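What follows is one structure encoded as structure tokens, with my remarks underneath.
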Amino acid sequence: MVRKVVAMILAGGKGTRLQALTKKIAKPAVYFGGKYRIIDFSLSNVANSDIQSCGVLTQYESVALNKYIGNGSVWGFDGVNGKCLTLAPRQTEEGLSWYDGTADAIYQNLDFLDEEEPDYVLILSGDHIYKTTYDQMLEQHIATGAACTISVIEVDWKEASRFGILECDENLRIQKFVEKPKVPKSNLASMGVYIFTYKELRSALIKDRKIEGTEHDFGKDIIPYLLNSGKKLYAYKFKGYWRDVGTLDSLHQANMELLPSQRSSETINFDIEPIIYTEDTHSTPTFMGKKAVVSDCLINQGAQIFGKVSNSVISNEVIIEEGAQVTKSVVMPGVRIGKNAIVNNAIIGPKTQIKDNEVINKDGDKVVLIDYERSLQ
Amino acid sequence: MNKTYALVNCFEAPGLGELTDDRPLASTTFLARYAFIDITLSNLTNSGIDNIAILVKNRLNSISKHVKNQNTYLANPRTGSLSYFLKTGNNHVFNTDIQCIRSNDPFLFEEKYQYIMICDPSYIFKADYNQFIDEHIKSGRRMSAVYTHISDGSDFKTTKKFVINSLGDVQKTYLSDENKPCDIGTGIIIVERELLKELLETVSNLSKLNTITDLFDYAIKFACQVHAIRFDGFMRRFESFEDYYKYSMEILNDHNLLNELVFSGSTIYTTTHNSRPVLYGKSAKVTNSLIANGSTINGKVKNSIISRDVVIEEGASVENCIIFTHTIVKRGVHLKNVVSDKRVLFQNRKEVQGTEEEPLYFPRGVKI
């Protein structure tokens, strides 16, 4: 029997810790790895799991994200049974209502889910870097008969107090969920990836809506509510490369991890299936000029390199002029780095112009962000 | 709405030696990430010509595998169309471009198309085809051909040259390998739909083996005045394997040409393979080269064109080479003046060198 799964991707976050990078675009639309956008990973994972129906919940600065996602054809959601809808807050008979929490965002789109008639709903965050299929997690969810299965990753005990932590029994049945515990009793951190049996999700969301003073949040409200109601909730152990790129430092670090010198056997490998799909930018091949020097780099097509680049991630349509030196940096699409400019340990936002001879963070050990807005001043 | 229907004619393309043994020129790799037909299809799309048929002589699978999805090339896949025309029937003797068109002629009866533009992917240049159509309309002629002026005709031995009269019409065509300035065709003919319909029938009745080239000569001599439209810009016709290597290197080594053809102006569309960006290791040394995504480079690359998913290991070097997809150059191997087809493994022979005049070619899948 074919079980129908609908994926709901939460992509409404403002991503304030990414500073100017998210001034005009939502965090899931931020560029990553020279070629990708953060949300490509979630959307590709869903597509590679043979899930054909997908809703993307957007709210903050959603135009760029909506435009990017389009009808989902990049990830193959335009097949006969496919659909990929961006679901922004809308005006209803009760007036305009912003999404007030992750659970509320799903609640406000119960009509979409009802129409899809899923057996299960996969809810995930649109701002994590990892490559997987959700097949095994779904199999486990069905086998255990759980109301909800939460994907978890084992984190360093020292780090555990930064995460939402799940305390489980030996069968991985969840006993307790604690958000950022001061003294963690487990190192199983929630990845913000849930599979719900739809009817359980539906009734929990409706009940949560009626309770005053809740934050309408999956971690804080829905999961504790289900646990208190005696429902079966299980953890699913994810193994592999997973990164939350919520800050400038973590975004820079995750990019650096893709470089040949920093790769490990764990690092995301784009060469083996499942494939991460992304928009086709119709870029030209990369051109390396006569005086180009490149070492330990990841460089996307469309880039033209005339200067010296090392330990850096360079996106499409970037021009690095002769005499320029770029080290330990992440350079986003459409950037021009002028002649003899020096850029070190930086994230250069899309379409930013670095002037000839300009020096950015030459000896700095802290990552700096230079963005497009600055070019306009 | 554009009133032009375009025929991309793959019948008249010259062979590029062993490169085109089992693929047509149209789908042969060009400048690392493209195939020849991408340049023609992109010129059409960028000129707003969205109804296109590719006349396929053979090896349809190679072309359709490359073109893959018409959405890549068309501005609007609903109002536009990208079709393949093949000659019907089993008699291969009559597998000519004219019989191919006649087997697929419904478009010739569609009144919305006033003009038919015939183009040939073995001619490489970037142009706004609309300007040609505008000039054709202005000329008042029923047929036009686009030409360019070159200073040395000896490089274009099998490409038709034009004699243009004082009225600006093509008076006759000829072949010559003389080293002197001349006007040569660019493979583009613009013709009124009704006239093409008549000519196809007449020329086919003269001989069922006749081709579009014969039709063009017939039109000049007996049917109508053919206006000559001048194109000023870089144009090369790829007539042989030697041309393939020579012109590819010419474009790579002249940054103005590379800008004109690839980096500036209108976009060249091609099928995406979802390959990751290129990884350059600590020991990589890469200069004056074009590189497509998916490759991993740890060795030395100079004056070369590297296609998708190529691996060049540390201690290997590649100079003045054109390397097709999925080729691996192992440690200690030095390639110079080599054209390597897809999935070649360079491993045991350490020094592999051709010359600039006679580059070495290695066919698909061989181990060296």
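Following the order of the structure tokens, chains are lettered A, B, ..., residues in each are numbered from 1, and ligands are numbered from 1.
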
Exercise for the section: Residues of chain B no more than 8 Å from chain A, counting only C-alpha atoms: send them over as a PyMOL selection string. Expected result: chain B and resi 31-33+262-263+267-270+272+274-294

Handout entry: Polymer residues at most 8 Å from Lys362 of chain A, only C-alpha atoms, same-chain spacing of 5 or more positions, as a count of residues only
Key = 4

Exercise for the section: as number ranges by chain, list the residues of segment 222-368 of chain A assigned to strand (DSSP E or B) by DSSP on the backbone atoms of this structure. Expected result: A: 233-237, 242-244, 286-288, 293-299, 304-305, 308-314, 319-320, 325-327, 330-331, 336-337, 342-344, 346-348, 353-354, 359-360, 368

Could you please take those selected residues and save N, CA and C atoms as a CSV table (one decimal), in the first residue's frame?
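Heads up, here's the output in out_7.csv:
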```csv
chain,number,residue,atom,x,y,z
A,233,LEU,N,5.9,8.7,21.1
A,233,LEU,CA,6.8,9.5,20.3
A,233,LEU,C,8.1,8.8,20.3
A,234,TYR,N,8.7,8.7,19.2
A,234,TYR,CA,10.0,8.1,19.1
A,234,TYR,C,11.1,9.0,18.5
A,235,ALA,N,12.3,8.7,18.9
A,235,ALA,CA,13.4,9.5,18.2
A,235,ALA,C,14.0,8.6,17.1
A,236,TYR,N,14.4,9.2,16.0
A,236,TYR,CA,15.1,8.5,14.9
A,236,TYR,C,16.5,9.1,14.9
A,237,LYS,N,17.5,8.2,15.0
A,237,LYS,CA,18.9,8.6,15.1
A,237,LYS,C,19.4,8.9,13.7
A,242,TRP,N,25.6,17.2,9.3
A,242,TRP,CA,24.4,18.1,9.5
A,242,TRP,C,24.9,19.4,10.1
A,243,ARG,N,24.6,20.5,9.5
A,243,ARG,CA,25.0,21.8,10.0
A,243,ARG,C,23.9,22.8,10.1
A,244,ASP,N,23.8,23.5,11.2
A,244,ASP,CA,22.9,24.6,11.3
A,244,ASP,C,23.8,25.8,11.0
A,286,THR,N,33.9,28.2,-15.9
A,286,THR,CA,34.9,29.1,-15.2
A,286,THR,C,36.0,29.4,-16.1
A,287,PHE,N,36.4,30.7,-16.0
A,287,PHE,CA,37.6,31.0,-16.8
A,287,PHE,C,38.8,31.4,-15.8
A,288,MET,N,39.9,30.8,-16.1
A,288,MET,CA,41.1,31.1,-15.3
A,288,MET,C,42.0,31.9,-16.2
A,293,VAL,N,46.0,32.3,-9.9
A,293,VAL,CA,46.6,31.3,-9.0
A,293,VAL,C,45.4,30.8,-8.1
A,294,VAL,N,45.1,29.5,-8.1
A,294,VAL,CA,44.1,29.0,-7.2
A,294,VAL,C,44.6,27.8,-6.5
A,295,SER,N,44.3,27.8,-5.2
A,295,SER,CA,44.7,26.6,-4.4
A,295,SER,C,43.7,26.4,-3.3
A,296,ASP,N,43.3,25.2,-3.1
A,296,ASP,CA,42.4,24.8,-2.0
A,296,ASP,C,41.1,25.7,-2.1
A,297,CYS,N,40.4,25.5,-3.2
A,297,CYS,CA,39.2,26.3,-3.4
A,297,CYS,C,38.0,25.5,-4.0
A,298,LEU,N,36.9,26.1,-3.8
A,298,LEU,CA,35.7,25.5,-4.5
A,298,LEU,C,35.2,26.7,-5.3
A,299,ILE,N,35.2,26.5,-6.6
A,299,ILE,CA,34.8,27.6,-7.5
A,299,ILE,C,33.7,27.2,-8.5
A,304,GLN,N,35.1,34.2,-13.1
A,304,GLN,CA,36.3,34.5,-13.9
A,304,GLN,C,37.4,35.0,-12.9
A,305,ILE,N,38.5,34.2,-12.9
A,305,ILE,CA,39.6,34.4,-11.9
A,305,ILE,C,40.8,34.9,-12.7
A,308,LYS,N,44.5,36.0,-7.3
A,308,LYS,CA,45.0,34.9,-6.5
A,308,LYS,C,43.9,34.5,-5.5
A,309,VAL,N,43.5,33.2,-5.5
A,309,VAL,CA,42.5,32.8,-4.6
A,309,VAL,C,42.9,31.5,-3.8
A,310,SER,N,42.8,31.6,-2.5
A,310,SER,CA,43.1,30.4,-1.8
A,310,SER,C,42.2,30.2,-0.6
A,311,ASN,N,41.9,28.9,-0.2
A,311,ASN,CA,41.1,28.6,0.9
A,311,ASN,C,39.7,29.3,0.8
A,312,SER,N,39.1,29.3,-0.3
A,312,SER,CA,37.9,30.1,-0.5
A,312,SER,C,36.8,29.4,-1.3
A,313,VAL,N,35.6,29.8,-1.1
A,313,VAL,CA,34.4,29.3,-1.8
A,313,VAL,C,34.0,30.5,-2.7
A,314,ILE,N,34.0,30.3,-4.0
A,314,ILE,CA,33.7,31.3,-5.0
A,314,ILE,C,32.4,30.9,-5.8
A,319,ILE,N,33.8,37.9,-10.4
A,319,ILE,CA,35.0,38.3,-11.1
A,319,ILE,C,36.1,38.7,-10.1
A,320,ILE,N,37.2,38.0,-10.1
A,320,ILE,CA,38.4,38.4,-9.2
A,320,ILE,C,39.5,38.9,-10.2
A,325,GLN,N,43.8,39.5,-4.1
A,325,GLN,CA,44.1,38.3,-3.3
A,325,GLN,C,42.9,38.0,-2.4
A,326,VAL,N,42.4,36.8,-2.5
A,326,VAL,CA,41.3,36.4,-1.7
A,326,VAL,C,41.7,35.2,-0.9
A,327,THR,N,41.5,35.3,0.4
A,327,THR,CA,41.9,34.1,1.2
A,327,THR,C,40.8,33.9,2.3
A,330,VAL,N,34.2,33.5,1.7
A,330,VAL,CA,33.1,33.0,1.0
A,330,VAL,C,32.6,34.1,0.1
A,331,VAL,N,32.6,34.0,-1.2
A,331,VAL,CA,32.3,35.1,-2.1
A,331,VAL,C,31.0,34.7,-2.9
A,336,ARG,N,32.3,41.5,-7.7
A,336,ARG,CA,33.5,41.8,-8.4
A,336,ARG,C,34.5,42.3,-7.4
A,337,ILE,N,35.7,41.6,-7.4
A,337,ILE,CA,36.8,42.0,-6.5
A,337,ILE,C,37.8,42.7,-7.3
A,342,ILE,N,42.5,43.3,-1.5
A,342,ILE,CA,42.8,42.1,-0.6
A,342,ILE,C,41.6,41.8,0.3
A,343,VAL,N,41.2,40.6,0.2
A,343,VAL,CA,40.0,40.1,1.0
A,343,VAL,C,40.4,38.9,1.8
A,344,ASN,N,40.2,39.0,3.1
A,344,ASN,CA,40.6,37.9,4.0
A,344,ASN,C,39.5,37.6,5.0
A,346,ALA,N,36.4,36.6,5.1
A,346,ALA,CA,35.2,37.5,4.9
A,346,ALA,C,34.1,36.7,4.2
A,347,ILE,N,32.9,37.1,4.4
A,347,ILE,CA,31.8,36.7,3.6
A,347,ILE,C,31.4,37.9,2.8
A,348,ILE,N,31.5,37.8,1.5
A,348,ILE,CA,31.1,38.9,0.6
A,348,ILE,C,29.7,38.6,0.0
A,353,GLN,N,30.5,45.1,-4.8
A,353,GLN,CA,31.6,45.5,-5.5
A,353,GLN,C,32.7,45.9,-4.5
A,354,ILE,N,33.9,45.2,-4.6
A,354,ILE,CA,35.0,45.5,-3.8
A,354,ILE,C,35.9,46.3,-4.7
A,359,VAL,N,41.2,47.1,0.9
A,359,VAL,CA,41.7,46.0,1.8
A,359,VAL,C,40.6,45.6,2.8
A,360,ILE,N,40.2,44.4,2.8
A,360,ILE,CA,39.2,43.9,3.7
A,360,ILE,C,39.8,42.9,4.7
A,368,VAL,N,34.3,38.7,8.8
A,368,VAL,CA,33.5,39.9,8.6
A,368,VAL,C,32.6,39.7,7.4
```

For Leu110 of chain A, work out the shell of residues within 12 Å, counting only C-alpha atoms and skipping chain neighbours fewer than 2 positions away, then give it as a tab-separated table (two decimals) with C-alpha atoms, in the first residue's frame.
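File selection-v8.tsv, as written:
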```tsv
chain	number	residue	atom	x	y	z
A	6	VAL	CA	3.27	15.57	2.38
A	8	MET	CA	5.98	21.02	5.00
A	55	GLY	CA	4.47	23.10	0.99
A	87	LEU	CA	2.39	29.11	1.57
A	103	ALA	CA	2.86	25.07	14.88
A	104	ASP	CA	0.60	27.99	13.99
A	105	ALA	CA	2.12	28.11	10.51
A	106	ILE	CA	1.05	24.50	9.92
A	107	TYR	CA	-2.31	25.08	11.64
A	108	GLN	CA	-3.10	27.93	9.25
A	112	PHE	CA	-4.00	22.58	2.22
A	113	LEU	CA	-3.17	19.40	4.13
A	114	ASP	CA	-6.81	18.31	4.31
A	115	GLU	CA	-7.04	18.60	0.57
A	116	GLU	CA	-3.90	16.55	0.09
A	117	GLU	CA	-5.22	13.82	2.42
A	118	PRO	CA	-1.81	12.62	3.62
A	121	VAL	CA	3.25	14.78	7.34
A	198	TYR	CA	-1.55	13.26	10.12
A	199	LYS	CA	-4.65	12.73	12.23
A	201	LEU	CA	-0.96	16.21	14.15
A	202	ARG	CA	-4.28	17.66	13.12
A	203	SER	CA	-5.98	17.15	16.45
A	204	ALA	CA	-2.93	18.37	18.42
A	205	LEU	CA	-2.75	21.58	16.36
A	206	ILE	CA	-6.44	22.28	16.84
```

As a compact mmCIF listing (two decimals) with C-alpha atoms, in the first residue's frame, please: all residues of segment 207-238 of chain B that backbone DSSP puts in alpha helix (DSSP H).
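That gives us selection-v4.txt:
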```txt
# COMPACT_ATOMS: atom_id res chain seq x y z
CA ILE B 212 19.07 22.61 -49.18
CA THR B 213 22.40 23.71 -50.69
CA ASP B 214 21.08 22.71 -54.12
CA LEU B 215 17.82 24.47 -53.37
CA PHE B 216 19.68 27.65 -52.52
CA ASP B 217 21.71 27.54 -55.74
CA TYR B 218 18.56 26.81 -57.72
```

Exercise for the section: Would you kindly return, as a PyMOL selection string, each protein, DNA or RNA residue with an atom no farther than 7 Å from any atom of segment 313-325 of chain B, considering only C-alpha atoms and excluding same-chain residues fewer than 6 positions away? Expected result: chain B and resi 283+297-307+331-343

Handout entry: Contact residues around Arg23 of chain B with only C-alpha atoms at 10 Å, ignoring same-chain residues under 2 positions, as JSON, numbers by chain
Key = {"B": [15, 16, 18, 19, 20, 21, 25, 26, 27, 28, 58, 59, 60, 61, 62, 63]}

Could you save those same residues with C-alpha atoms as an mmCIF file, in the first residue's frame?
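Written file, again_13.cif:
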```cif
data_model
loop_
_atom_site.group_PDB
_atom_site.id
_atom_site.type_symbol
_atom_site.label_atom_id
_atom_site.label_comp_id
_atom_site.auth_asym_id
_atom_site.auth_seq_id
_atom_site.Cartn_x
_atom_site.Cartn_y
_atom_site.Cartn_z
ATOM 1 C CA GLY B 15 32.364 15.616 -39.923
ATOM 2 C CA LEU B 16 34.957 16.416 -37.265
ATOM 3 C CA GLU B 18 36.677 10.582 -35.172
ATOM 4 C CA LEU B 19 34.940 13.066 -32.884
ATOM 5 C CA THR B 20 31.799 12.674 -34.949
ATOM 6 C CA ASP B 21 32.118 8.921 -35.557
ATOM 7 C CA LEU B 25 28.504 17.730 -34.748
ATOM 8 C CA ALA B 26 25.394 19.326 -33.202
ATOM 9 C CA SER B 27 25.808 17.433 -29.929
ATOM 10 C CA THR B 28 29.611 17.477 -29.848
ATOM 11 C CA ASN B 58 21.006 10.335 -37.669
ATOM 12 C CA ARG B 59 21.908 9.687 -34.038
ATOM 13 C CA LEU B 60 18.793 11.356 -32.702
ATOM 14 C CA ASN B 61 19.555 9.919 -29.252
ATOM 15 C CA SER B 62 22.782 11.906 -29.026
ATOM 16 C CA ILE B 63 21.026 15.190 -29.822
#
```

Exercise for the section: For Gly334 of chain A, list every protein, DNA or RNA residue within 6 Å, evaluated using only C-alpha atoms, and leave out those in the same chain fewer than 5 positions away; present the list as a PyMOL selection string. Expected result: chain A and resi 317-318+350-351

Take the residues that were just selected and, keeping N, CA and C atoms, output them as a PDB file, in the first residue's frame.
```pdb
ATOM      1  N   GLU A 317      29.409  33.856 -11.482  1.00  0.00           N
ATOM      2  CA  GLU A 317      29.443  35.258 -11.922  1.00  0.00           C
ATOM      3  C   GLU A 317      30.271  36.167 -10.999  1.00  0.00           C
ATOM      4  N   VAL A 318      31.239  35.579 -10.329  1.00  0.00           N
ATOM      5  CA  VAL A 318      32.172  36.378  -9.534  1.00  0.00           C
ATOM      6  C   VAL A 318      33.372  36.694 -10.417  1.00  0.00           C
ATOM      7  N   PRO A 350      26.036  38.880  -1.998  1.00  0.00           N
ATOM      8  CA  PRO A 350      25.797  38.884  -3.439  1.00  0.00           C
ATOM      9  C   PRO A 350      25.916  40.277  -4.060  1.00  0.00           C
ATOM     10  N   LYS A 351      26.464  40.338  -5.258  1.00  0.00           N
ATOM     11  CA  LYS A 351      26.546  41.555  -6.084  1.00  0.00           C
ATOM     12  C   LYS A 351      27.363  42.693  -5.469  1.00  0.00           C
TER      13      LYS A 351
END
```

Practice task
Point out the residue among B:Glu250, B:Ile328, B:Ile118, B:Lys350 with the least atom-to-atom distance to Arg364 of chain B, counting only C-alpha atoms.
Solution key: B:Ile328

Exercise for the section: Skip segment 93-107 of chain B itself and residues of its chain fewer than 2 positions away, then list as a list in words all residues within 8 Å of it, counting only C-alpha atoms. Expected result: Asn9, Phe11, Leu55, Val56, Lys57, Phe85, Leu86, Lys87, Thr88, Asn91, Phe109, Glu110, Tyr113, Leu200, Ser204, Lys208, Leu209, Asn210, Thr211 and Ile212 of chain B

Output C-alpha atoms for every residue in the selection just made, as a CSV table (one decimal), in the first residue's frame.
```csv
chain,number,residue,atom,x,y,z
B,9,ASN,CA,19.7,21.8,-40.1
B,11,PHE,CA,22.4,17.5,-42.3
B,55,LEU,CA,16.4,18.4,-38.7
B,56,VAL,CA,18.1,15.2,-37.6
B,57,LYS,CA,20.0,13.1,-40.1
B,85,PHE,CA,12.2,16.3,-37.7
B,86,LEU,CA,13.3,12.9,-39.1
B,87,LYS,CA,12.7,11.6,-42.6
B,88,THR,CA,10.0,9.0,-42.7
B,91,ASN,CA,15.0,4.3,-47.8
B,109,PHE,CA,0.8,25.3,-44.1
B,110,GLU,CA,0.6,27.3,-41.0
B,113,TYR,CA,4.6,31.6,-39.9
B,200,LEU,CA,11.0,22.2,-52.0
B,204,SER,CA,12.9,17.6,-55.2
B,208,LYS,CA,15.2,13.4,-55.1
B,209,LEU,CA,18.8,13.5,-53.8
B,210,ASN,CA,18.9,17.3,-53.9
B,211,THR,CA,19.7,19.2,-50.6
B,212,ILE,CA,19.1,22.6,-49.2
```

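Counting only C-alpha atoms and comparing B:Lys112, B:Arg236, B:His92, B:His66, the residue that lies closest to Thr148 of chain B is B:Arg236.
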
Practice task
Would you mind reading off the distance between atom CA of Gly354 of chain B and atom CA of His326 of chain B, one decimal, in Å?
Solution key: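 These two atoms are separated by 21.0 Å.
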
Problem - Distance of atom CA of Ile9 of chain A from atom CA of Ile150 of chain A, expressed in Å to one decimal place - result: 14.8 Å

Practice task
Calculate how many Å separate atom CA of Gly349 of chain A from atom CA of Val30 of chain A, rounding to one decimal.
Solution key: 9.4 Å
